[in-house]
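S.K.: Just so it is clear, I am handing over start.csv, which has CSV, C-alpha atoms and all ligand atoms.
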```
chain,number,residue,atom,x,y,z
J,268,MET,CA,-282.8,-64.1,-85.2
J,269,ALA,CA,-280.4,-66.3,-83.3
J,270,GLU,CA,-277.2,-64.6,-82.5
J,271,THR,CA,-273.8,-65.4,-81.0
J,272,ILE,CA,-273.5,-63.4,-77.8
J,273,VAL,CA,-270.5,-63.1,-75.5
J,274,LEU,CA,-271.5,-62.2,-71.9
J,275,ALA,CA,-268.8,-60.8,-69.5
J,276,PHE,CA,-269.8,-60.9,-65.8
J,277,GLY,CA,-267.9,-58.2,-63.9
J,278,GLY,CA,-266.0,-59.3,-60.8
J,279,ASN,CA,-267.3,-56.2,-59.0
J,280,ALA,CA,-270.8,-57.2,-60.1
J,281,ILE,CA,-270.4,-60.7,-58.6
J,282,THR,CA,-269.0,-59.2,-55.4
J,283,LYS,CA,-270.4,-55.6,-55.1
J,284,SER,CA,-268.5,-52.8,-53.5
J,285,THR,CA,-271.1,-52.9,-50.7
J,286,GLU,CA,-270.7,-56.6,-50.1
J,287,LYS,CA,-268.0,-58.8,-48.3
J,288,GLY,CA,-268.0,-61.4,-51.0
J,289,THR,CA,-269.4,-64.4,-49.1
J,290,ARG,CA,-270.2,-67.5,-51.0
J,291,ASP,CA,-273.9,-66.7,-50.7
J,292,GLU,CA,-273.6,-63.1,-52.0
J,293,GLN,CA,-271.6,-64.3,-55.0
J,294,TRP,CA,-274.0,-67.1,-55.9
J,295,LYS,CA,-277.0,-64.8,-55.4
J,296,ASN,CA,-275.6,-62.3,-57.9
J,297,ILE,CA,-274.7,-65.0,-60.4
J,298,ARG,CA,-278.1,-66.6,-60.0
J,299,ASN,CA,-279.9,-63.3,-60.8
J,300,THR,CA,-278.1,-63.1,-64.1
J,301,CYS,CA,-278.0,-66.8,-65.0
J,302,SER,CA,-281.8,-67.0,-64.9
J,303,HIS,CA,-281.9,-64.5,-67.7
J,304,VAL,CA,-279.0,-66.1,-69.6
J,305,ALA,CA,-281.0,-69.4,-69.5
J,306,VAL,CA,-283.8,-67.6,-71.3
J,307,LEU,CA,-281.4,-66.3,-74.0
J,308,ILE,CA,-280.2,-69.9,-74.5
J,309,LYS,CA,-283.7,-71.2,-74.7
J,310,GLN,CA,-284.5,-68.7,-77.4
J,311,GLY,CA,-281.8,-70.3,-79.4
J,312,HIS,CA,-278.9,-67.8,-79.0
J,313,ARG,CA,-275.3,-69.2,-78.9
J,314,VAL,CA,-273.8,-68.0,-75.7
J,315,LEU,CA,-270.2,-67.7,-74.5
J,316,ILE,CA,-269.5,-66.5,-71.0
J,317,THR,CA,-266.5,-64.8,-69.4
J,318,HIS,CA,-266.2,-63.3,-66.0
J,319,GLY,CA,-264.0,-60.9,-64.0
J,320,ASN,CA,-262.2,-61.7,-60.7
J,321,GLY,CA,-260.8,-58.4,-59.3
J,322,PRO,CA,-262.4,-58.7,-55.8
J,323,GLN,CA,-262.1,-62.4,-55.7
J,324,VAL,CA,-258.4,-62.7,-56.7
J,325,GLY,CA,-257.5,-59.9,-54.4
J,326,ASN,CA,-259.2,-61.6,-51.5
J,327,LEU,CA,-257.3,-64.8,-52.4
J,328,LEU,CA,-254.0,-62.9,-52.3
J,329,LEU,CA,-254.9,-61.5,-48.9
J,330,LYS,CA,-255.7,-65.0,-47.6
J,331,ASN,CA,-252.2,-66.0,-48.9
J,332,GLU,CA,-250.6,-63.2,-47.0
J,333,LEU,CA,-252.4,-64.0,-43.8
J,334,THR,CA,-251.5,-67.7,-43.8
J,335,ARG,CA,-248.0,-67.5,-45.4
J,336,ASP,CA,-246.3,-68.8,-42.2
J,337,VAL,CA,-248.3,-72.0,-42.4
J,338,VAL,CA,-249.2,-72.6,-46.1
J,339,PRO,CA,-246.9,-71.6,-49.0
J,340,PRO,CA,-248.4,-68.6,-50.8
J,341,MET,CA,-249.1,-69.0,-54.5
J,342,PRO,CA,-248.2,-66.5,-57.2
J,343,LEU,CA,-250.8,-64.3,-58.9
J,344,ASP,CA,-251.1,-66.4,-62.1
J,345,VAL,CA,-252.0,-69.4,-59.9
J,346,CYS,CA,-254.5,-67.3,-57.9
J,347,VAL,CA,-256.1,-66.3,-61.2
J,348,SER,CA,-256.5,-69.9,-62.2
J,349,ASN,CA,-258.0,-70.6,-58.8
J,350,THR,CA,-260.7,-67.9,-59.4
J,351,GLN,CA,-261.4,-69.4,-62.9
J,352,GLY,CA,-262.2,-72.6,-61.0
J,353,SER,CA,-264.3,-71.2,-58.2
J,354,LEU,CA,-266.3,-68.7,-60.3
J,355,GLY,CA,-266.5,-71.2,-63.3
J,356,TYR,CA,-267.9,-73.7,-60.9
J,357,ALA,CA,-270.5,-71.2,-59.6
J,358,ILE,CA,-271.6,-70.1,-63.0
J,359,SER,CA,-271.7,-73.6,-64.6
J,360,GLN,CA,-273.6,-75.2,-61.8
J,361,THR,CA,-276.1,-72.3,-61.5
J,362,LEU,CA,-276.7,-71.9,-65.3
J,363,GLY,CA,-276.9,-75.7,-65.7
J,364,ASN,CA,-279.6,-75.9,-63.0
J,365,PHE,CA,-281.6,-73.1,-64.7
J,366,LEU,CA,-281.3,-74.8,-68.1
J,367,ARG,CA,-282.4,-78.2,-66.8
J,368,ASN,CA,-285.4,-76.7,-65.0
J,369,ALA,CA,-286.3,-74.9,-68.2
J,370,GLY,CA,-286.2,-78.3,-70.1
J,371,VAL,CA,-283.1,-77.2,-72.1
J,372,ASP,CA,-280.6,-80.1,-72.6
J,373,ARG,CA,-277.3,-78.3,-73.1
J,374,PRO,CA,-274.0,-78.9,-71.5
J,375,VAL,CA,-272.2,-76.1,-69.7
J,376,ALA,CA,-268.4,-76.3,-69.2
J,377,ALA,CA,-265.8,-73.9,-67.7
J,378,MET,CA,-262.4,-74.0,-69.3
J,379,ILE,CA,-259.1,-73.1,-67.7
J,380,THR,CA,-257.9,-70.5,-70.2
J,381,GLN,CA,-254.4,-69.1,-70.7
J,382,VAL,CA,-254.0,-65.7,-72.4
J,383,VAL,CA,-250.7,-64.7,-73.9
J,384,VAL,CA,-249.3,-61.2,-72.9
J,385,ARG,CA,-246.1,-59.5,-73.9
J,386,SER,CA,-243.3,-59.5,-71.3
J,387,GLU,CA,-242.3,-56.0,-72.5
J,388,ASP,CA,-245.9,-54.6,-72.1
J,389,PRO,CA,-245.5,-51.2,-70.3
J,390,ALA,CA,-248.5,-52.2,-68.1
J,391,PHE,CA,-246.0,-54.2,-65.9
J,392,ALA,CA,-244.5,-50.9,-64.8
J,393,ASN,CA,-247.8,-49.1,-64.3
J,394,PRO,CA,-250.3,-51.2,-62.3
J,395,THR,CA,-254.0,-50.2,-63.0
J,396,LYS,CA,-256.1,-53.3,-62.2
J,397,TYR,CA,-258.0,-53.0,-59.0
J,398,ILE,CA,-258.2,-56.1,-56.9
J,399,GLY,CA,-259.5,-57.1,-53.5
J,400,PRO,CA,-261.4,-55.1,-50.9
J,401,PHE,CA,-261.9,-51.3,-50.6
J,402,TYR,CA,-260.0,-49.4,-47.9
J,403,SER,CA,-260.0,-45.8,-46.5
J,404,GLN,CA,-257.2,-43.5,-47.6
J,405,THR,CA,-255.5,-43.8,-44.2
J,406,GLN,CA,-255.6,-47.6,-44.4
J,407,ALA,CA,-254.3,-47.5,-48.0
J,408,GLU,CA,-251.4,-45.2,-47.0
J,409,ALA,CA,-250.4,-47.6,-44.2
J,410,MET,CA,-250.5,-50.5,-46.7
J,411,MET,CA,-248.4,-48.6,-49.2
J,412,SER,CA,-245.6,-47.8,-46.7
J,413,GLY,CA,-245.9,-51.0,-44.7
J,414,LYS,CA,-246.3,-53.7,-47.4
J,415,GLY,CA,-245.1,-51.8,-50.5
J,416,HIS,CA,-248.4,-52.4,-52.2
J,417,VAL,CA,-249.5,-49.9,-54.9
J,418,MET,CA,-252.9,-48.5,-54.0
J,419,ARG,CA,-255.2,-46.2,-55.9
J,420,GLU,CA,-258.7,-44.6,-55.4
J,421,ASP,CA,-261.4,-46.5,-57.4
J,422,SER,CA,-264.2,-44.4,-58.8
J,423,GLY,CA,-265.4,-42.9,-55.5
J,424,ARG,CA,-265.8,-46.3,-54.0
J,425,GLY,CA,-262.6,-46.3,-51.8
J,426,TRP,CA,-258.9,-47.2,-52.2
J,427,ARG,CA,-257.8,-50.6,-53.5
J,428,ARG,CA,-254.6,-52.4,-54.4
J,429,VAL,CA,-253.7,-52.3,-58.0
J,430,VAL,CA,-251.6,-54.8,-60.0
J,431,PRO,CA,-250.3,-54.8,-63.6
J,432,SER,CA,-252.9,-55.5,-66.3
J,433,PRO,CA,-251.1,-56.2,-69.6
J,434,GLU,CA,-253.0,-56.3,-72.9
J,435,PRO,CA,-254.3,-59.7,-74.0
J,436,VAL,CA,-252.6,-60.8,-77.3
J,437,GLU,CA,-253.8,-64.4,-77.9
J,438,ILE,CA,-256.2,-66.9,-76.3
J,439,VAL,CA,-254.2,-70.2,-76.1
J,440,GLU,CA,-257.3,-72.4,-76.0
J,441,ALA,CA,-259.2,-70.5,-78.7
J,442,VAL,CA,-259.5,-73.5,-81.1
J,443,ALA,CA,-260.8,-75.7,-78.3
J,444,ILE,CA,-263.3,-73.0,-77.2
J,445,LYS,CA,-264.6,-72.7,-80.8
J,446,LYS,CA,-264.9,-76.5,-81.2
J,447,MET,CA,-266.9,-76.7,-78.0
J,448,LEU,CA,-269.2,-73.8,-79.1
J,449,ASP,CA,-269.8,-75.4,-82.4
J,450,ALA,CA,-270.7,-78.7,-80.6
J,451,GLY,CA,-273.4,-76.8,-78.7
J,452,VAL,CA,-271.6,-76.5,-75.4
J,453,ILE,CA,-272.2,-73.3,-73.3
J,454,VAL,CA,-268.6,-72.4,-72.6
J,455,ILE,CA,-267.2,-70.3,-69.7
J,456,ALA,CA,-263.8,-69.1,-70.8
J,457,ALA,CA,-261.0,-66.6,-70.1
J,458,GLY,CA,-262.3,-66.0,-66.6
J,459,GLY,CA,-260.5,-63.2,-64.7
J,460,GLY,CA,-259.2,-62.1,-68.2
J,461,GLY,CA,-257.4,-65.5,-68.5
J,462,VAL,CA,-254.3,-66.8,-66.8
J,463,PRO,CA,-251.5,-64.4,-68.0
J,464,VAL,CA,-248.7,-66.2,-69.7
J,465,VAL,CA,-245.7,-65.2,-71.8
J,466,ARG,CA,-244.1,-67.2,-74.6
J,467,THR,CA,-240.5,-68.3,-73.8
J,468,PRO,CA,-238.1,-70.5,-75.7
J,469,ALA,CA,-239.1,-73.3,-73.2
J,470,GLY,CA,-242.8,-72.7,-73.8
J,471,LEU,CA,-245.6,-70.9,-72.0
J,472,GLU,CA,-244.9,-69.5,-68.5
J,473,GLY,CA,-247.2,-67.7,-66.0
J,474,VAL,CA,-246.6,-64.1,-65.1
J,475,GLU,CA,-247.9,-62.1,-62.1
J,476,ALA,CA,-250.7,-59.9,-63.5
J,477,VAL,CA,-254.5,-59.7,-63.9
J,478,ILE,CA,-255.7,-59.2,-67.4
J,479,ASP,CA,-258.8,-57.1,-67.9
J,480,LYS,CA,-261.6,-59.5,-68.6
J,481,ASP,CA,-263.4,-57.0,-70.9
J,482,MET,CA,-260.3,-56.7,-73.0
J,483,ALA,CA,-260.0,-60.5,-73.1
J,484,GLY,CA,-263.7,-60.7,-73.7
J,485,GLN,CA,-263.6,-58.6,-76.9
J,486,LEU,CA,-260.8,-60.9,-78.1
J,487,LEU,CA,-262.9,-63.9,-77.3
J,488,ALA,CA,-265.9,-62.3,-79.0
J,489,ARG,CA,-264.0,-61.6,-82.2
J,490,GLU,CA,-262.5,-65.1,-82.3
J,491,ALA,CA,-266.0,-66.5,-81.9
J,492,GLY,CA,-267.4,-64.3,-84.6
J,493,ALA,CA,-269.9,-62.9,-82.1
J,494,ASP,CA,-272.7,-60.5,-83.0
J,495,ALA,CA,-272.9,-58.9,-79.5
J,496,LEU,CA,-270.7,-58.3,-76.5
J,497,PHE,CA,-272.5,-57.6,-73.2
J,498,LEU,CA,-270.4,-56.2,-70.4
J,499,LEU,CA,-272.3,-56.8,-67.2
J,500,THR,CA,-271.2,-54.6,-64.3
J,501,GLU,CA,-272.4,-52.6,-61.2
J,502,VAL,CA,-273.8,-49.5,-63.0
J,503,ASP,CA,-276.7,-49.5,-65.4
J,504,ARG,CA,-275.3,-47.1,-67.9
J,505,VAL,CA,-272.1,-45.4,-69.1
J,506,CYS,CA,-271.9,-41.8,-68.0
J,507,ILE,CA,-269.8,-38.7,-68.6
J,508,HIS,CA,-268.8,-36.6,-65.6
J,509,TYR,CA,-269.3,-39.8,-63.6
J,510,GLY,CA,-270.1,-39.2,-59.9
J,511,LYS,CA,-270.3,-35.4,-60.4
J,512,PRO,CA,-273.4,-33.2,-60.1
J,513,ASN,CA,-273.4,-32.8,-63.9
J,514,GLN,CA,-273.3,-36.6,-64.5
J,515,GLN,CA,-275.0,-37.6,-67.8
J,516,ALA,CA,-275.9,-41.3,-68.6
J,517,PHE,CA,-276.4,-42.6,-72.2
J,518,ASP,CA,-278.8,-45.1,-73.7
J,519,ARG,CA,-276.8,-45.1,-76.9
J,520,LEU,CA,-273.4,-44.1,-78.1
J,521,THR,CA,-271.9,-44.3,-81.6
J,522,LEU,CA,-268.3,-45.2,-82.1
J,523,ASP,CA,-267.4,-41.6,-82.8
J,524,GLN,CA,-269.1,-40.4,-79.6
J,525,ALA,CA,-267.5,-43.2,-77.5
J,526,ARG,CA,-264.0,-42.3,-78.9
J,527,GLN,CA,-264.7,-38.6,-78.3
J,528,TYR,CA,-265.6,-39.1,-74.6
J,529,GLN,CA,-262.8,-41.5,-74.2
J,530,SER,CA,-260.3,-38.9,-75.4
J,531,GLU,CA,-261.8,-36.4,-73.0
J,532,GLY,CA,-260.9,-38.7,-70.1
J,533,HIS,CA,-264.4,-39.7,-68.9
J,534,PHE,CA,-263.5,-43.4,-68.5
J,535,PRO,CA,-260.8,-44.1,-65.9
J,536,PRO,CA,-258.1,-46.8,-66.2
J,537,GLY,CA,-258.9,-50.1,-64.3
J,538,SER,CA,-262.7,-49.6,-64.3
J,539,MET,CA,-264.8,-48.0,-67.1
J,540,GLY,CA,-261.7,-47.3,-69.3
J,541,PRO,CA,-261.0,-50.9,-70.4
J,542,LYS,CA,-264.8,-51.5,-70.8
J,543,MET,CA,-265.1,-48.7,-73.3
J,544,GLU,CA,-261.9,-49.7,-75.0
J,545,ALA,CA,-263.2,-53.3,-75.3
J,546,ALA,CA,-266.6,-52.1,-76.6
J,547,ILE,CA,-264.9,-49.8,-79.2
J,548,ARG,CA,-262.6,-52.5,-80.5
J,549,PHE,CA,-265.4,-55.0,-80.8
J,550,VAL,CA,-267.8,-52.7,-82.5
J,551,ASP,CA,-265.0,-51.4,-84.8
J,552,SER,CA,-264.2,-55.0,-85.8
J,553,GLY,CA,-267.5,-55.6,-87.7
J,554,ARG,CA,-270.1,-53.2,-89.1
J,555,HIS,CA,-273.1,-54.9,-87.5
J,556,ARG,CA,-271.6,-55.6,-84.2
J,557,ARG,CA,-272.9,-54.1,-81.0
J,558,ALA,CA,-271.6,-53.8,-77.4
J,559,VAL,CA,-273.8,-53.2,-74.4
J,560,ILE,CA,-272.7,-52.0,-70.9
J,561,VAL,CA,-275.3,-52.7,-68.3
J,562,SER,CA,-275.8,-53.8,-64.7
J,563,LEU,CA,-275.8,-57.5,-63.9
J,564,GLU,CA,-279.3,-57.2,-62.4
J,565,ASN,CA,-280.7,-55.4,-65.5
J,566,ALA,CA,-279.0,-57.6,-68.1
J,567,HIS,CA,-282.4,-59.1,-69.1
J,568,LEU,CA,-283.7,-55.5,-69.9
J,569,ALA,CA,-280.6,-54.9,-72.0
J,570,PHE,CA,-281.3,-58.0,-74.0
J,571,SER,CA,-284.6,-56.4,-75.1
J,572,GLY,CA,-283.0,-52.9,-75.5
J,573,GLU,CA,-284.7,-51.5,-72.4
J,574,SER,CA,-281.6,-50.8,-70.3
J,575,GLY,CA,-277.9,-50.2,-70.6
J,576,THR,CA,-275.7,-48.2,-72.9
J,577,ILE,CA,-275.6,-49.7,-76.4
J,578,ILE,CA,-272.5,-48.9,-78.5
J,579,THR,CA,-272.9,-49.3,-82.3
J,580,ALA,CA,-270.9,-48.2,-85.4
J,581,LYS,CA,-273.4,-45.4,-86.4
T,1,LIG,N1,-267.9,-42.9,-66.8
T,1,LIG,C1,-268.4,-43.9,-66.1
T,1,LIG,N2,-269.6,-44.3,-66.2
T,1,LIG,C2,-270.1,-45.3,-65.5
T,1,LIG,N3,-269.3,-45.9,-64.5
T,1,LIG,C3,-268.1,-45.5,-64.2
T,1,LIG,C4,-267.5,-44.5,-65.0
T,1,LIG,N4,-266.3,-44.2,-64.6
T,1,LIG,C5,-266.0,-45.1,-63.6
T,1,LIG,N5,-267.1,-45.9,-63.4
T,1,LIG,C6,-267.1,-47.0,-62.4
T,1,LIG,O1,-266.7,-48.1,-63.1
T,1,LIG,C7,-267.3,-49.3,-62.5
T,1,LIG,C8,-267.2,-50.5,-63.5
T,1,LIG,O2,-265.9,-50.9,-63.5
T,1,LIG,P1,-265.5,-52.2,-62.6
T,1,LIG,O3,-266.0,-52.1,-61.2
T,1,LIG,O4,-264.0,-52.4,-62.8
T,1,LIG,O5,-266.3,-53.3,-63.4
T,1,LIG,P2,-266.5,-54.8,-63.2
T,1,LIG,O6,-268.0,-55.0,-62.8
T,1,LIG,O7,-266.3,-55.4,-64.6
T,1,LIG,O8,-265.6,-55.4,-62.2
T,1,LIG,C9,-268.7,-48.8,-62.2
T,1,LIG,O9,-269.3,-49.5,-61.3
T,1,LIG,C10,-268.4,-47.3,-61.7
T,1,LIG,O10,-268.2,-47.3,-60.3
T,2,LIG,N1,-260.1,-59.5,-64.4
T,2,LIG,C1,-261.0,-58.5,-64.4
T,2,LIG,O1,-261.2,-57.7,-65.3
T,2,LIG,O2,-261.8,-58.5,-63.2
T,2,LIG,P1,-263.0,-57.4,-62.9
T,2,LIG,O3,-264.1,-57.7,-63.8
T,2,LIG,O4,-263.3,-57.7,-61.5
T,2,LIG,O5,-262.4,-56.0,-63.0
```
Represent the structure contained in this file as structure tokens.
Ligand SMILES: Nc1ncnc2c1ncn2[C@@H]1O[C@H](COP(=O)(O)OP(=O)(O)O)[C@@H](O)[C@H]1O
Ligand SMILES: NC(=O)OP(=O)(O)O
M.R.:
Amino acid sequence: MAETIVLAFGGNAITKSTEKGTRDEQWKNIRNTCSHVAVLIKQGHRVLITHGNGPQVGNLLLKNELTRDVVPPMPLDVCVSNTQGSLGYAISQTLGNFLRNAGVDRPVAAMITQVVVRSEDPAFANPTKYIGPFYSQTQAEAMMSGKGHVMREDSGRGWRRVVPSPEPVEIVEAVAIKKMLDAGVIVIAAGGGGVPVVRTPAGLEGVEAVIDKDMAGQLLAREAGADALFLLTEVDRVCIHYGKPNQQAFDRLTLDQARQYQSEGHFPPGSMGPKMEAAIRFVDSGRHRRAVIVSLENAHLAFSGESGTIITAK
């Protein structure tokens, strides 16, 4: 049966923690997944794509800093829109090529998407979104005292800069996205969680933050009336006691189990935490909806239920 499927490509799956994030590394990781996405589309599924940008937008900020004496640095909202452009370009060209080679005549389009957040969101005072490269603790301490950056340890992978990640409230281009989907376009939207904007008496205005793309993805999926939400990341399955000797991975989780493990603190902020929260909200919004968390490489196995952690109501 044809389904509406929202796929969220993790920024850390497009640039892995072991990679530098070269153009070729990013395109290779995107190619691996897009080949399987093309199969889904050929099978008749309606596909909507979103993607993260943590490593990429952090690298862009770093570039800004290093060249600030010669080129004016851009604020974080502009950098997020830049990554929507660069990653949207990579995904639309790669997927478009696979579709054409498979004889599928479907347009692919990446849309600059703004997402409304609340200016009073407490997340502005408590940065949790990991961006950019990984550093040693010594390097991180020097950056905190020297540059005033907020840095935190990220799931045993190293230390990274963190920025505010307010909750997405509304997708500004939701109607346009829906119309494009209904017209048969494969849409790439809300990249990097969407460009964060607040409503002011004068209209929309960008704010410096990085929205979690899984949280924006669940909003997108609900707006699109999706059946499934696939969160594609660096690990194959969701675990409890992650990274410890008693780590345990799951093929399936019910909503009750997911909530239980969430309340026990197994899913940290800024990485698995928002993924599980997004999965829970999506599954909770419709009885037959399912969310799947799986690695970008094994996405194709998750489509047939052979890999990943599937979260369902019961
Ligand atoms: N309980 C857990 N189960 C699995 N992975 C976890 C868990 N807790 C933390 N992680 C880490 O979270 C990462 C996924 O979050 P993140 O890197 O932010 O995702 P994205 O690919 O969307 O950028 C995994 O690669 C893993 O290192
Ligand atoms: N914006 C965002 O959620 O990026 P990641 O997928 O890289 O965490």
S.K.: Any residue with an atom at most 10 Å from ligand LIG 2 (chain T) counts, using all atoms listed in the file. Which are they? Put them as a short mmCIF file (atom, residue, chain, number, x, y, z; two decimals) with C-alpha atoms, in the coordinates of the input.
M.R.:
```cif
data_model
loop_
_atom_site.label_atom_id
_atom_site.label_comp_id
_atom_site.auth_asym_id
_atom_site.auth_seq_id
_atom_site.Cartn_x
_atom_site.Cartn_y
_atom_site.Cartn_z
CA ALA J 275 -268.80 -60.80 -69.50
CA PHE J 276 -269.80 -60.90 -65.80
CA GLY J 277 -267.90 -58.20 -63.90
CA GLY J 278 -266.00 -59.30 -60.80
CA ASN J 279 -267.30 -56.20 -59.00
CA ALA J 280 -270.80 -57.20 -60.10
CA ILE J 281 -270.40 -60.70 -58.60
CA THR J 282 -269.00 -59.20 -55.40
CA LYS J 283 -270.40 -55.60 -55.10
CA THR J 317 -266.50 -64.80 -69.40
CA HIS J 318 -266.20 -63.30 -66.00
CA GLY J 319 -264.00 -60.90 -64.00
CA ASN J 320 -262.20 -61.70 -60.70
CA GLY J 321 -260.80 -58.40 -59.30
CA PRO J 322 -262.40 -58.70 -55.80
CA GLN J 323 -262.10 -62.40 -55.70
CA VAL J 324 -258.40 -62.70 -56.70
CA GLY J 325 -257.50 -59.90 -54.40
CA VAL J 347 -256.10 -66.30 -61.20
CA THR J 350 -260.70 -67.90 -59.40
CA LYS J 396 -256.10 -53.30 -62.20
CA TYR J 397 -258.00 -53.00 -59.00
CA ILE J 398 -258.20 -56.10 -56.90
CA GLY J 399 -259.50 -57.10 -53.50
CA SER J 432 -252.90 -55.50 -66.30
CA ALA J 457 -261.00 -66.60 -70.10
CA GLY J 458 -262.30 -66.00 -66.60
CA GLY J 459 -260.50 -63.20 -64.70
CA GLY J 460 -259.20 -62.10 -68.20
CA GLY J 461 -257.40 -65.50 -68.50
CA VAL J 462 -254.30 -66.80 -66.80
CA ALA J 476 -250.70 -59.90 -63.50
CA VAL J 477 -254.50 -59.70 -63.90
CA ILE J 478 -255.70 -59.20 -67.40
CA ASP J 479 -258.80 -57.10 -67.90
CA LYS J 480 -261.60 -59.50 -68.60
CA ASP J 481 -263.40 -57.00 -70.90
CA MET J 482 -260.30 -56.70 -73.00
CA ALA J 483 -260.00 -60.50 -73.10
CA GLY J 484 -263.70 -60.70 -73.70
CA LEU J 498 -270.40 -56.20 -70.40
CA LEU J 499 -272.30 -56.80 -67.20
CA THR J 500 -271.20 -54.60 -64.30
CA GLY J 537 -258.90 -50.10 -64.30
CA SER J 538 -262.70 -49.60 -64.30
CA MET J 539 -264.80 -48.00 -67.10
CA PRO J 541 -261.00 -50.90 -70.40
CA LYS J 542 -264.80 -51.50 -70.80
#
```
S.K.: May I have the residues at most 9 Å from (-267.5, -65.1, -53.0) in the file's coordinates, counting all atoms listed in the file, as JSON, numbers by chain?
M.R.: {"J": [281, 282, 287, 288, 289, 290, 291, 292, 293, 294, 322, 323, 353, 354]}
S.K.: For a test of reading the model, state the distance in Å between CA of Leu563 in chain J and CA of Asn296 in chain J, rounded to one decimal.
M.R.: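 About the pair CA of Leu563 in chain J and CA of Asn296 in chain J: they are 7.7 Å apart.
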S.K.: Point out the residue among J:Gly473, J:Val384, J:His508, J:Val273 with the least atom-to-atom distance to Gly532 in chain J, counting all atoms listed in the file.
M.R.: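 Selected residue with least distance to Gly532 in chain J: J:His508.
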S.K.: Find the spatial neighbours of Arg427 in chain J, counting only C-alpha atoms, within a cut-off of 10 Å - ignore same-chain residues fewer than 3 positions away - and output them as a VMD selection string.
M.R.: chain J and resid 322 325 396 to 404 406 to 407 410 416 to 421 424 430
S.K.: Put those residues in a file: C-alpha atoms, as a PDB file, keeping the file's coordinate frame.
M.R.:
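What follows is the written file part.pdb:
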```pdb
ATOM      1  CA  PRO J 322    -262.400 -58.700 -55.800  1.00  0.00           C
ATOM      2  CA  GLY J 325    -257.500 -59.900 -54.400  1.00  0.00           C
ATOM      3  CA  LYS J 396    -256.100 -53.300 -62.200  1.00  0.00           C
ATOM      4  CA  TYR J 397    -258.000 -53.000 -59.000  1.00  0.00           C
ATOM      5  CA  ILE J 398    -258.200 -56.100 -56.900  1.00  0.00           C
ATOM      6  CA  GLY J 399    -259.500 -57.100 -53.500  1.00  0.00           C
ATOM      7  CA  PRO J 400    -261.400 -55.100 -50.900  1.00  0.00           C
ATOM      8  CA  PHE J 401    -261.900 -51.300 -50.600  1.00  0.00           C
ATOM      9  CA  TYR J 402    -260.000 -49.400 -47.900  1.00  0.00           C
ATOM     10  CA  SER J 403    -260.000 -45.800 -46.500  1.00  0.00           C
ATOM     11  CA  GLN J 404    -257.200 -43.500 -47.600  1.00  0.00           C
ATOM     12  CA  GLN J 406    -255.600 -47.600 -44.400  1.00  0.00           C
ATOM     13  CA  ALA J 407    -254.300 -47.500 -48.000  1.00  0.00           C
ATOM     14  CA  MET J 410    -250.500 -50.500 -46.700  1.00  0.00           C
ATOM     15  CA  HIS J 416    -248.400 -52.400 -52.200  1.00  0.00           C
ATOM     16  CA  VAL J 417    -249.500 -49.900 -54.900  1.00  0.00           C
ATOM     17  CA  MET J 418    -252.900 -48.500 -54.000  1.00  0.00           C
ATOM     18  CA  ARG J 419    -255.200 -46.200 -55.900  1.00  0.00           C
ATOM     19  CA  GLU J 420    -258.700 -44.600 -55.400  1.00  0.00           C
ATOM     20  CA  ASP J 421    -261.400 -46.500 -57.400  1.00  0.00           C
ATOM     21  CA  ARG J 424    -265.800 -46.300 -54.000  1.00  0.00           C
ATOM     22  CA  VAL J 430    -251.600 -54.800 -60.000  1.00  0.00           C
TER      23      VAL J 430
END
```
S.K.: Find the residue from J:Ala516, J:Val505, J:Val429, J:Ala357 that sits nearest to Ile560 in chain J; use all atoms listed in the file when measuring.
M.R.: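 Of all the options, J:Val505 lies closest to Ile560 in chain J.
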S.K.: Given only C-alpha atoms as the basis, pick out the residue of J:Val464, J:Glu437, J:Thr361, J:Ile297 nearest to Glu564 in chain J.
M.R.: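 Closest to Glu564 in chain J of all the choices is J:Ile297.
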S.K.: Calculate how many Å separate CA of Ile438 in chain J from CA of Gly451 in chain J, rounding to one decimal.
M.R.: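 Taking CA of Ile438 in chain J as the start and CA of Gly451 in chain J as the end point, the length is 20.0 Å.
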S.K.: Considering all atoms listed in the file, can you say which of J:Glu440, J:Asp336, J:Asp503, J:Glu270 comes closest to ligand LIG 1 (chain T)?
M.R.: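 Going through J:Glu440, J:Asp336, J:Asp503, J:Glu270 one by one, the smallest distance to ligand LIG 1 (chain T) is for J:Asp503.
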S.K.: Pick the closest to Glu387 in chain J from J:Asp523, J:Cys506, J:Pro536, J:Pro433: which is it, counting all atoms listed in the file?
M.R.: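 When distances to Glu387 in chain J are compared using all atoms listed in the file, the smallest one comes from J:Pro433.
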S.K.: How many Å separate CA of Val454 in chain J from CA of Ala493 in chain J?
M.R.: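 Distance reported for this atom pair: 13.5 Å.
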S.K.: With distances taken over all atoms listed in the file, which of J:Met447, J:Leu333, J:Ala469, J:Ala546 is nearest to Arg489 in chain J?
M.R.: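 The answer is J:Ala546, which sits nearest to Arg489 in chain J.
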S.K.: Determine, counting all atoms listed in the file, which protein, DNA and RNA residues have an atom within 8 Å of an atom of range 299-302 of chain J; residues of the same chain fewer than 4 positions away are not included. Present the result as a list of chain:residue names.
M.R.: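 Using all atoms listed in the file, the neighbours found are J:Lys295, J:Val306, J:Ile358, J:Thr361, J:Leu362, J:Phe365, J:Leu563, J:Glu564, J:Ala566, J:His567.
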S.K.: Within 8 Å of (-269.9, -78.9, -66.5) (coordinates as in the file), grab all the protein and nucleic acid residues, counting all atoms listed in the file, and write them out as a list in words.
M.R.: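 Neighbouring residues, ordered by chain and number, come to Tyr356, Ser359, Gln360, Gly363, Pro374, Val375, Ala376 and Ala377 of chain J.
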S.K.: Can you write out the residues you just picked, keeping C-alpha atoms, as a compact mmCIF listing (two decimals), in the coordinates of the input?
M.R.:
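again_36.txt was written with the following content:
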```txt
# COMPACT_ATOMS: atom_id res chain seq x y z
CA TYR J 356 -267.90 -73.70 -60.90
CA SER J 359 -271.70 -73.60 -64.60
CA GLN J 360 -273.60 -75.20 -61.80
CA GLY J 363 -276.90 -75.70 -65.70
CA PRO J 374 -274.00 -78.90 -71.50
CA VAL J 375 -272.20 -76.10 -69.70
CA ALA J 376 -268.40 -76.30 -69.20
CA ALA J 377 -265.80 -73.90 -67.70
```
